[in-house]
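Below is upload.csv, holding CSV, C-alpha atoms (C1' of nucleotides).
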chain,number,residue,atom,x,y,z
A,1,MET,CA,8.9,-2.9,-16.4
A,2,PHE,CA,7.4,-0.9,-13.5
A,3,ASP,CA,8.1,2.2,-11.5
A,4,GLU,CA,7.9,3.1,-7.8
A,5,ILE,CA,4.2,3.9,-7.9
A,6,ASP,CA,3.5,0.4,-9.4
A,7,ILE,CA,5.5,-1.1,-6.5
A,8,HIS,CA,3.5,0.9,-4.0
A,9,ILE,CA,0.3,-0.3,-5.5
A,10,LEU,CA,1.5,-3.9,-5.4
A,11,GLU,CA,2.6,-3.5,-1.8
A,12,ILE,CA,-0.9,-2.4,-0.9
A,13,LEU,CA,-2.5,-5.2,-2.8
A,14,GLN,CA,-0.2,-7.8,-1.3
A,15,GLU,CA,-1.3,-6.7,2.1
A,16,LYS,CA,-5.0,-6.8,1.3
A,17,ALA,CA,-6.1,-7.6,-2.2
A,18,ARG,CA,-9.9,-7.1,-1.7
A,19,ILE,CA,-9.9,-3.4,-1.0
A,20,PRO,CA,-11.6,-0.7,-3.2
A,21,ASN,CA,-9.6,0.9,-6.0
A,22,ALA,CA,-10.5,4.3,-4.6
A,23,GLU,CA,-8.8,3.4,-1.3
A,24,VAL,CA,-5.6,2.3,-3.2
A,25,ALA,CA,-5.8,5.6,-5.1
A,26,ARG,CA,-6.0,7.5,-1.8
A,27,GLN,CA,-3.0,5.8,-0.4
A,28,VAL,CA,-0.8,6.4,-3.4
A,29,GLY,CA,-2.1,9.9,-3.9
A,30,MET,CA,-3.5,9.5,-7.4
A,31,ALA,CA,-6.8,9.6,-9.2
A,32,PRO,CA,-8.7,6.3,-9.0
A,33,SER,CA,-8.8,6.0,-12.8
A,34,ALA,CA,-5.0,6.3,-13.0
A,35,VAL,CA,-4.6,3.5,-10.5
A,36,LEU,CA,-7.1,1.4,-12.3
A,37,GLU,CA,-5.2,1.9,-15.5
A,38,ARG,CA,-1.9,0.9,-13.9
A,39,ILE,CA,-3.5,-2.2,-12.3
A,40,ARG,CA,-5.0,-3.2,-15.6
A,41,LYS,CA,-1.6,-3.0,-17.3
A,42,LEU,CA,0.1,-5.0,-14.5
A,43,GLU,CA,-2.5,-7.7,-15.1
A,44,GLU,CA,-2.1,-7.6,-18.9
A,45,ARG,CA,1.7,-7.9,-18.7
A,46,GLY,CA,1.4,-10.9,-16.4
A,47,ILE,CA,3.0,-9.2,-13.5
A,48,ILE,CA,-0.2,-9.7,-11.5
A,49,GLU,CA,-1.2,-13.3,-12.1
A,50,GLY,CA,-4.5,-13.2,-10.2
A,51,TYR,CA,-6.3,-12.6,-6.9
A,52,GLU,CA,-6.8,-15.3,-4.3
A,53,VAL,CA,-8.7,-15.8,-1.2
A,54,ARG,CA,-6.6,-17.4,1.5
A,55,LEU,CA,-8.6,-20.1,3.3
A,56,ASN,CA,-7.8,-21.8,6.6
A,57,PRO,CA,-6.9,-25.4,5.5
A,58,ALA,CA,-7.7,-26.8,8.9
A,59,CYS,CA,-11.4,-25.8,8.4
A,60,PHE,CA,-11.6,-28.0,5.4
A,61,HIS,CA,-10.1,-31.2,6.7
A,62,GLN,CA,-6.6,-30.3,5.4
A,63,GLY,CA,-4.7,-29.6,8.5
A,64,LEU,CA,-1.9,-32.1,7.9
A,65,SER,CA,0.9,-31.1,5.5
A,66,ALA,CA,3.6,-33.3,4.1
A,67,PHE,CA,6.4,-33.2,1.6
A,68,VAL,CA,7.2,-36.3,-0.5
A,69,GLN,CA,10.4,-36.8,-2.4
A,70,VAL,CA,9.5,-38.9,-5.5
A,71,GLU,CA,12.1,-40.8,-7.4
A,72,SER,CA,10.8,-41.5,-10.8
A,73,ASP,CA,12.0,-42.2,-14.4
A,74,GLY,CA,8.6,-41.6,-16.0
A,75,ALA,CA,8.3,-38.5,-18.2
A,76,ALA,CA,4.6,-38.3,-17.4
A,77,THR,CA,5.1,-38.6,-13.6
A,78,ALA,CA,4.9,-34.8,-13.0
A,79,GLN,CA,1.5,-34.5,-14.6
A,80,ALA,CA,0.2,-37.6,-12.8
A,81,LEU,CA,1.4,-36.2,-9.5
A,82,ALA,CA,-0.2,-32.8,-10.2
A,83,GLU,CA,-3.6,-34.5,-10.7
A,84,VAL,CA,-3.6,-36.4,-7.4
A,85,PRO,CA,-6.1,-34.8,-5.1
A,86,SER,CA,-4.6,-32.9,-2.2
A,87,VAL,CA,-1.3,-32.4,-4.1
A,88,GLN,CA,-0.6,-28.7,-3.8
A,89,GLU,CA,2.8,-28.4,-5.4
A,90,VAL,CA,4.9,-30.5,-7.8
A,91,HIS,CA,8.5,-29.4,-8.4
A,92,GLN,CA,11.0,-31.1,-10.6
A,93,VAL,CA,14.3,-30.9,-8.7
A,94,VAL,CA,18.0,-31.5,-9.5
A,95,GLY,CA,19.3,-34.8,-8.3
A,96,PRO,CA,18.2,-38.4,-7.8
A,97,ASP,CA,14.9,-37.6,-6.2
A,98,GLY,CA,13.1,-36.4,-9.3
A,99,PHE,CA,10.2,-34.5,-7.8
A,100,LEU,CA,9.3,-32.8,-4.6
A,101,VAL,CA,5.6,-32.8,-3.8
A,102,LYS,CA,3.8,-30.8,-1.2
A,103,LEU,CA,0.4,-32.1,-0.1
A,104,ARG,CA,-2.3,-31.4,2.4
A,105,THR,CA,-4.6,-34.1,3.9
A,106,ALA,CA,-7.0,-34.4,6.8
A,107,ASP,CA,-5.1,-36.9,8.9
A,108,HIS,CA,-2.5,-39.7,9.0
A,109,THR,CA,-5.0,-42.2,7.6
A,110,THR,CA,-5.7,-40.1,4.6
A,111,LEU,CA,-2.0,-39.4,4.2
A,112,ALA,CA,-1.3,-43.1,4.1
A,113,ARG,CA,-3.9,-43.6,1.3
A,114,ILE,CA,-2.5,-40.7,-0.8
A,115,LEU,CA,1.0,-42.0,-0.4
A,116,GLY,CA,-0.2,-45.4,-1.7
A,117,GLU,CA,-1.7,-43.7,-4.7
A,118,ILE,CA,1.6,-41.9,-5.4
A,119,ARG,CA,3.6,-45.0,-5.0
A,120,ALA,CA,1.4,-46.8,-7.5
A,121,LEU,CA,1.9,-44.2,-10.2
A,122,GLU,CA,3.7,-45.4,-13.3
A,123,GLY,CA,7.4,-44.7,-13.3
A,124,VAL,CA,7.6,-44.1,-9.6
A,125,ARG,CA,10.5,-46.0,-8.1
A,126,SER,CA,10.5,-44.8,-4.5
A,127,ILE,CA,9.1,-42.2,-2.3
A,128,ARG,CA,10.3,-40.6,0.9
A,129,THR,CA,7.9,-38.7,3.1
A,130,GLN,CA,8.4,-35.9,5.5
A,131,VAL,CA,5.4,-35.1,7.7
A,132,VAL,CA,5.1,-31.5,8.9
A,133,LEU,CA,4.7,-31.2,12.7
A,134,GLU,CA,4.3,-27.4,12.6
A,135,THR,CA,4.4,-24.7,10.0
A,136,VAL,CA,6.3,-21.8,11.3
A,137,LYS,CA,6.0,-19.6,8.2
A,138,GLU,CA,4.1,-20.0,4.9
A,139,THR,CA,3.7,-17.1,2.5
A,140,ARG,CA,3.6,-16.5,-1.2
A,141,ARG,CA,4.4,-12.9,-0.8
A,142,VAL,CA,7.1,-11.4,-3.0
A,143,ASP,CA,9.7,-9.1,-1.3
A,144,LEU,CA,9.2,-5.8,-3.0
A,145,THR,CA,11.5,-3.7,-0.7
A,146,GLU,CA,14.5,-4.1,-3.1
A,147,HIS,CA,12.4,-2.6,-5.9
A,148,ASN,CA,11.9,0.7,-4.1
A,149,GLY,CA,14.0,3.7,-5.1
A,150,ASN,CA,15.9,1.8,-7.7
A,151,GLY,CA,14.1,3.6,-10.5
A,152,ARG,CA,12.7,1.5,-13.4
A,153,HIS,CA,13.0,-2.2,-14.0
B,1,MET,CA,-19.4,-24.6,10.4
B,2,PHE,CA,-20.7,-23.7,6.9
B,3,ASP,CA,-23.3,-24.8,4.4
B,4,GLU,CA,-23.4,-25.4,0.7
B,5,ILE,CA,-24.0,-21.7,-0.1
B,6,ASP,CA,-20.9,-20.8,1.9
B,7,ILE,CA,-18.9,-23.4,-0.1
B,8,HIS,CA,-20.3,-22.0,-3.3
B,9,ILE,CA,-19.2,-18.5,-2.3
B,10,LEU,CA,-15.7,-19.7,-1.4
B,11,GLU,CA,-15.4,-21.5,-4.7
B,12,ILE,CA,-16.1,-18.3,-6.5
B,13,LEU,CA,-13.7,-16.3,-4.4
B,14,GLN,CA,-11.0,-19.0,-4.8
B,15,GLU,CA,-11.3,-18.6,-8.6
B,16,LYS,CA,-11.1,-14.8,-8.6
B,17,ALA,CA,-11.0,-13.0,-5.3
B,18,ARG,CA,-11.2,-9.4,-6.6
B,19,ILE,CA,-14.7,-9.5,-8.0
B,20,PRO,CA,-17.6,-7.4,-6.8
B,21,ASN,CA,-19.9,-8.7,-4.1
B,22,ALA,CA,-22.9,-8.1,-6.4
B,23,GLU,CA,-21.4,-10.5,-8.9
B,24,VAL,CA,-20.9,-13.2,-6.3
B,25,ALA,CA,-24.5,-12.7,-5.2
B,26,ARG,CA,-25.7,-13.1,-8.8
B,27,GLN,CA,-23.9,-16.4,-9.2
B,28,VAL,CA,-25.2,-17.9,-6.0
B,29,GLY,CA,-28.7,-16.4,-6.5
B,30,MET,CA,-29.0,-14.3,-3.4
B,31,ALA,CA,-29.2,-10.7,-2.4
B,32,PRO,CA,-25.8,-8.9,-2.3
B,33,SER,CA,-26.3,-7.9,1.4
B,34,ALA,CA,-26.9,-11.6,2.4
B,35,VAL,CA,-23.7,-12.6,0.6
B,36,LEU,CA,-21.8,-9.8,2.2
B,37,GLU,CA,-23.1,-10.9,5.6
B,38,ARG,CA,-21.9,-14.5,4.9
B,39,ILE,CA,-18.5,-13.4,3.8
B,40,ARG,CA,-18.1,-11.2,6.9
B,41,LYS,CA,-18.9,-14.1,9.1
B,42,LEU,CA,-16.5,-16.4,7.2
B,43,GLU,CA,-13.8,-13.8,7.8
B,44,GLU,CA,-14.7,-13.4,11.5
B,45,ARG,CA,-14.6,-17.1,12.1
B,46,GLY,CA,-11.2,-17.3,10.6
B,47,ILE,CA,-12.3,-19.5,7.7
B,48,ILE,CA,-11.3,-16.8,5.3
B,49,GLU,CA,-7.8,-15.7,6.4
B,50,GLY,CA,-7.3,-12.9,3.9
B,51,TYR,CA,-7.1,-11.9,0.3
B,52,GLU,CA,-3.9,-11.9,-1.7
B,53,VAL,CA,-2.6,-10.7,-5.0
B,54,ARG,CA,-0.6,-13.4,-6.8
B,55,LEU,CA,2.5,-11.8,-8.3
B,56,ASN,CA,4.7,-13.4,-10.9
B,57,PRO,CA,8.0,-14.1,-9.0
B,58,ALA,CA,10.1,-14.0,-12.1
B,59,CYS,CA,9.2,-10.3,-12.6
B,60,PHE,CA,10.8,-9.5,-9.2
B,61,HIS,CA,14.1,-11.3,-9.5
B,62,GLN,CA,12.7,-14.4,-7.7
B,63,GLY,CA,12.6,-16.9,-10.5
B,64,LEU,CA,14.7,-19.6,-8.8
B,65,SER,CA,13.1,-21.8,-6.2
B,66,ALA,CA,14.9,-24.2,-3.8
B,67,PHE,CA,14.1,-26.4,-0.9
B,68,VAL,CA,16.5,-26.7,2.0
B,69,GLN,CA,16.5,-29.5,4.6
B,70,VAL,CA,17.9,-28.0,7.7
B,71,GLU,CA,19.3,-30.2,10.5
B,72,SER,CA,19.3,-28.3,13.7
B,73,ASP,CA,19.3,-28.6,17.5
B,74,GLY,CA,18.5,-25.0,18.2
B,75,ALA,CA,15.1,-24.1,19.6
B,76,ALA,CA,15.3,-20.7,18.0
B,77,THR,CA,16.3,-21.9,14.6
B,78,ALA,CA,12.7,-21.9,13.2
B,79,GLN,CA,12.3,-18.2,13.9
B,80,ALA,CA,15.8,-17.3,12.6
B,81,LEU,CA,15.0,-19.2,9.4
B,82,ALA,CA,11.7,-17.4,9.0
B,83,GLU,CA,13.4,-14.0,9.2
B,84,VAL,CA,15.9,-14.8,6.4
B,85,PRO,CA,14.9,-12.7,3.4
B,86,SER,CA,13.7,-14.9,0.5
B,87,VAL,CA,12.6,-17.6,2.8
B,88,GLN,CA,8.9,-18.3,2.0
B,89,GLU,CA,8.2,-21.3,4.1
B,90,VAL,CA,9.5,-22.9,7.2
B,91,HIS,CA,8.1,-26.3,8.3
B,92,GLN,CA,9.2,-28.3,11.3
B,93,VAL,CA,9.2,-31.9,10.1
B,94,VAL,CA,9.4,-35.3,11.7
B,95,GLY,CA,12.8,-36.9,11.5
B,96,PRO,CA,16.5,-36.0,11.6
B,97,ASP,CA,16.2,-33.1,9.3
B,98,GLY,CA,14.6,-30.7,11.7
B,99,PHE,CA,13.2,-28.2,9.2
B,100,LEU,CA,12.2,-27.9,5.6
B,101,VAL,CA,12.6,-24.5,4.1
B,102,LYS,CA,11.3,-23.2,0.8
B,103,LEU,CA,13.0,-20.1,-0.6
B,104,ARG,CA,13.0,-18.0,-3.7
B,105,THR,CA,16.0,-16.2,-5.1
B,106,ALA,CA,17.1,-14.3,-8.2
B,107,ASP,CA,19.8,-16.8,-9.4
B,108,HIS,CA,22.4,-19.3,-8.3
B,109,THR,CA,24.7,-16.6,-7.0
B,110,THR,CA,22.1,-15.3,-4.7
B,111,LEU,CA,21.1,-18.8,-3.7
B,112,ALA,CA,24.7,-19.5,-2.7
B,113,ARG,CA,24.8,-16.4,-0.5
B,114,ILE,CA,21.4,-17.3,1.2
B,115,LEU,CA,22.6,-20.9,1.9
B,116,GLY,CA,25.7,-19.4,3.5
B,117,GLU,CA,23.5,-17.3,5.8
B,118,ILE,CA,21.4,-20.3,6.7
B,119,ARG,CA,24.4,-22.5,7.4
B,120,ALA,CA,25.8,-19.8,9.7
B,121,LEU,CA,22.6,-19.6,11.8
B,122,GLU,CA,23.1,-20.8,15.4
B,123,GLY,CA,22.2,-24.4,16.0
B,124,VAL,CA,22.3,-25.4,12.4
B,125,ARG,CA,24.3,-28.6,12.0
B,126,SER,CA,23.9,-29.3,8.3
B,127,ILE,CA,21.8,-28.3,5.3
B,128,ARG,CA,20.9,-30.2,2.2
B,129,THR,CA,19.6,-28.2,-0.8
B,130,GLN,CA,17.4,-29.2,-3.6
B,131,VAL,CA,17.2,-26.7,-6.5
B,132,VAL,CA,14.0,-26.6,-8.5
B,133,LEU,CA,14.4,-27.0,-12.2
B,134,GLU,CA,10.7,-26.6,-13.0
B,135,THR,CA,7.6,-26.0,-11.0
B,136,VAL,CA,4.8,-28.1,-12.5
B,137,LYS,CA,2.1,-27.2,-10.0
B,138,GLU,CA,2.0,-24.6,-7.3
B,139,THR,CA,-1.3,-23.7,-5.7
B,140,ARG,CA,-2.7,-22.8,-2.3
B,141,ARG,CA,-6.2,-23.6,-3.3
B,142,VAL,CA,-8.2,-25.8,-0.9
B,143,ASP,CA,-10.2,-28.6,-2.5
B,144,LEU,CA,-13.8,-27.8,-1.7
B,145,THR,CA,-15.5,-30.5,-3.8
B,146,GLU,CA,-15.8,-32.9,-0.9
B,147,HIS,CA,-17.7,-30.2,1.0
B,148,ASN,CA,-20.5,-30.1,-1.5
B,149,GLY,CA,-23.8,-31.9,-0.8
B,150,ASN,CA,-22.6,-33.3,2.5
B,151,GLY,CA,-24.8,-30.9,4.5
B,152,ARG,CA,-23.3,-28.9,7.3
B,153,HIS,CA,-19.9,-29.1,8.8
C,1,DG,C1',0.3,8.7,-18.8
C,2,DT,C1',-2.8,11.5,-16.1
C,3,DT,C1',-6.9,14.2,-14.8
C,4,DG,C1',-11.7,15.2,-13.8
C,5,DA,C1',-16.4,14.6,-14.2
C,6,DA,C1',-20.6,11.9,-15.4
C,7,DA,C1',-23.0,7.5,-15.6
C,8,DA,C1',-23.4,2.8,-14.1
C,9,DT,C1',-22.7,-0.2,-10.6
C,10,DT,C1',-21.8,-1.6,-6.0
C,11,DT,C1',-21.8,-1.3,-1.0
C,12,DA,C1',-23.8,-0.2,3.5
C,13,DT,C1',-27.6,0.5,6.4
C,14,DA,C1',-32.0,-0.1,8.2
C,15,DA,C1',-36.8,-1.8,8.3
C,16,DC,C1',-39.2,-5.9,7.8
C,17,DA,C1',-40.7,-10.9,6.8
D,1,DT,C1',-31.0,-15.5,8.1
D,2,DG,C1',-32.8,-13.4,4.1
D,3,DT,C1',-35.0,-9.6,1.4
D,4,DT,C1',-36.0,-5.1,-0.2
D,5,DA,C1',-35.2,-0.3,-0.5
D,6,DT,C1',-32.5,3.8,0.0
D,7,DA,C1',-28.4,6.6,0.5
D,8,DA,C1',-23.5,6.8,0.2
D,9,DA,C1',-19.4,5.3,-2.0
D,10,DT,C1',-17.1,3.3,-5.8
D,11,DT,C1',-16.0,1.8,-10.4
D,12,DT,C1',-15.8,2.7,-15.1
D,13,DT,C1',-15.7,5.3,-19.1
D,14,DC,C1',-14.3,9.0,-21.8
D,15,DA,C1',-13.0,13.6,-23.4
D,16,DA,C1',-9.2,16.7,-22.7
D,17,DC,C1',-4.7,17.8,-21.4

Re-express the file's structure as structure tokens.
Amino acid sequence: MFDEIDIHILEILQEKARIPNAEVARQVGMAPSAVLERIRKLEERGIIEGYEVRLNPACFHQGLSAFVQVESDGAATAQALAEVPSVQEVHQVVGPDGFLVKLRTADHTTLARILGEIRALEGVRSIRTQVVLETVKETRRVDLTEHNGNGRH
Amino acid sequence: MFDEIDIHILEILQEKARIPNAEVARQVGMAPSAVLERIRKLEERGIIEGYEVRLNPACFHQGLSAFVQVESDGAATAQALAEVPSVQEVHQVVGPDGFLVKLRTADHTTLARILGEIRALEGVRSIRTQVVLETVKETRRVDLTEHNGNGRH
DNA sequence: GTTGAAAATTTATAACA
DNA sequence: TGTTATAAATTTTCAAC
């Protein structure tokens, strides 16, 4: 799938995605055009899904995180949950609690309102909420260290 | 904190962070240097935390997600959890289950090994694991729609 | 798949409204 | 703060290897 140079490029981009191509080329010791070509192919193959800016949620009235275990029998529940504003993640999980939902809200008042919305969704039998006191770690970064020196994948 | 133009810029960057400054300037109808200045200040003020490439986890042997409820009495548990490879998130939550941990692994075998590691951490009394069957939605994007037309913040 | 060079575009900087 | 203008740097393309 990719070689060590690709991994190196991805490591650089994971660290800081909005840097010039020429700078990436310098760090991996290749011509800018070659790096551009590799990045293009990584994008085409779906290995790179996209580029995001990481905003500080607290600056946008979204400082409160919570996880909600949703027990549901409705097939359409997942989509309905995904469309609720401030829902950031919806995972279908094994076991009696059908879905695990992550959401961000401004405060406890807003959280209460959102939870009411979720409880009112068709098919939802019960919900159990866990409010986050403090987020110690939160990253989307993929661990690439194991892909170094192993040759091709 | 920021005005409508800032919000517009952030909306564009949330959609696709690795686009030229000049293109952003075109879309908001301003001079590139003015846009660059605004972005710099958003970065300085910590509103923009950084830029990330979004990689496809499945391409890096991280296709299996799971959430682990960790009941613990150790003060250092959070840090220990955060340092476990393949742990992507650690949240301290209200209630008896002290922490909620999100992790990504290659397969069930690896998951079992990681869970063993977590269970062996000092202070951990019990863990309860929820394996993700399917992720319906997973985004870090902040909802900026409410910040439009409301004037300054 | 890579290189190297040319052309188009973008970024950085400074003077100015 | 924003704009324009200029120089420096970068991106992109393409022919050749």

Can you check which parts of chain D lie within 12 Å of chain B? Per residue, the shortest pair of atoms and distance in Å to one decimal, counting all atoms listed in the file, sorted by chain and number, as a tab-separated table.
residue	atom	partner	partner_atom	distance
D:DT1	C1'	B:Ala34	CA	8.0
D:DG2	C1'	B:Ala34	CA	6.4
D:DT3	C1'	B:Ala31	CA	7.0
D:DT4	C1'	B:Ala31	CA	9.1
D:DA5	C1'	B:Ser33	CA	11.9
D:DT10	C1'	B:Pro20	CA	10.8
D:DT11	C1'	B:Pro20	CA	10.0

Original post:
Could you name the residues that touch DA16 of chain D at 12 Å or less, counting only C-alpha atoms (C1' of nucleotides), but leaving out those on the same chain fewer than 4 positions away, as a PyMOL selection string?
Top reply: chain C and resi 2-5

Tell me, counting only C-alpha atoms, for each residue of chain A within 6 Å of chain B, which pair of atoms is nearest and how far apart they are in Å to one decimal, in rows ordered by chain and increasing number, as a Markdown table.
| residue | atom | partner | partner_atom | distance |
| --- | --- | --- | --- | --- |
| A:Leu13 | CA | B:Val53 | CA | 5.9 |
| A:Gln14 | CA | B:Val53 | CA | 5.3 |
| A:Lys16 | CA | B:Tyr51 | CA | 5.6 |
| A:Ala17 | CA | B:Glu52 | CA | 4.9 |
| A:Arg18 | CA | B:Arg18 | CA | 5.6 |
| A:Ile47 | CA | B:Asn56 | CA | 5.2 |
| A:Ile48 | CA | B:Leu55 | CA | 4.7 |
| A:Glu49 | CA | B:Arg54 | CA | 5.3 |
| A:Gly50 | CA | B:Arg54 | CA | 5.2 |
| A:Tyr51 | CA | B:Val53 | CA | 4.6 |
| A:Glu52 | CA | B:Ala17 | CA | 4.9 |
| A:Val53 | CA | B:Tyr51 | CA | 4.5 |
| A:Arg54 | CA | B:Gly50 | CA | 5.1 |
| A:Leu55 | CA | B:Ile48 | CA | 4.7 |
| A:Asn56 | CA | B:Ile47 | CA | 5.2 |
| A:Gln88 | CA | B:Thr139 | CA | 5.4 |
| A:Glu89 | CA | B:Glu138 | CA | 4.3 |
| A:Val90 | CA | B:Lys137 | CA | 4.9 |
| A:His91 | CA | B:Thr135 | CA | 4.4 |
| A:Gln92 | CA | B:Glu134 | CA | 5.1 |
| A:Val93 | CA | B:Val132 | CA | 4.3 |
| A:Val94 | CA | B:Val131 | CA | 5.7 |
| A:Val131 | CA | B:Val93 | CA | 5.5 |
| A:Val132 | CA | B:Val93 | CA | 4.3 |
| A:Leu133 | CA | B:Val93 | CA | 5.2 |
| A:Glu134 | CA | B:Gln92 | CA | 5.1 |
| A:Thr135 | CA | B:His91 | CA | 4.4 |
| A:Val136 | CA | B:Val90 | CA | 5.3 |
| A:Lys137 | CA | B:Val90 | CA | 4.9 |
| A:Glu138 | CA | B:Glu89 | CA | 4.4 |
| A:Thr139 | CA | B:Gln88 | CA | 5.4 |

Can you spit out the residues from that selection as a short mmCIF file (atom, residue, chain, number, x, y, z; two decimals), keeping the file's coordinate frame, using C-alpha atoms?
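As a result, part23.cif now contains:
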data_model
loop_
_atom_site.label_atom_id
_atom_site.label_comp_id
_atom_site.auth_asym_id
_atom_site.auth_seq_id
_atom_site.Cartn_x
_atom_site.Cartn_y
_atom_site.Cartn_z
CA LEU A 13 -2.50 -5.20 -2.80
CA GLN A 14 -0.20 -7.80 -1.30
CA LYS A 16 -5.00 -6.80 1.30
CA ALA A 17 -6.10 -7.60 -2.20
CA ARG A 18 -9.90 -7.10 -1.70
CA ILE A 47 3.00 -9.20 -13.50
CA ILE A 48 -0.20 -9.70 -11.50
CA GLU A 49 -1.20 -13.30 -12.10
CA GLY A 50 -4.50 -13.20 -10.20
CA TYR A 51 -6.30 -12.60 -6.90
CA GLU A 52 -6.80 -15.30 -4.30
CA VAL A 53 -8.70 -15.80 -1.20
CA ARG A 54 -6.60 -17.40 1.50
CA LEU A 55 -8.60 -20.10 3.30
CA ASN A 56 -7.80 -21.80 6.60
CA GLN A 88 -0.60 -28.70 -3.80
CA GLU A 89 2.80 -28.40 -5.40
CA VAL A 90 4.90 -30.50 -7.80
CA HIS A 91 8.50 -29.40 -8.40
CA GLN A 92 11.00 -31.10 -10.60
CA VAL A 93 14.30 -30.90 -8.70
CA VAL A 94 18.00 -31.50 -9.50
CA VAL A 131 5.40 -35.10 7.70
CA VAL A 132 5.10 -31.50 8.90
CA LEU A 133 4.70 -31.20 12.70
CA GLU A 134 4.30 -27.40 12.60
CA THR A 135 4.40 -24.70 10.00
CA VAL A 136 6.30 -21.80 11.30
CA LYS A 137 6.00 -19.60 8.20
CA GLU A 138 4.10 -20.00 4.90
CA THR A 139 3.70 -17.10 2.50
#

Subject >> One-decimal distance in Å that lies between atom CA of Thr109 of chain A and atom CA of Gly63 of chain A >> reply: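 Atom-to-atom, atom CA of Gly63 of chain A and atom CA of Thr109 of chain A are spaced 12.6 Å apart.
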
Subject >> chain C residues near chain B (10 Å cut-off, all atoms listed in the file) as a ChimeraX atom specification >> reply: /C:9-13

Original post:
What is the distance, in Å and to one decimal place, between atom CA of Glu71 of chain B and atom CA of Arg113 of chain B?
Top reply: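 It comes out at 18.5 Å.
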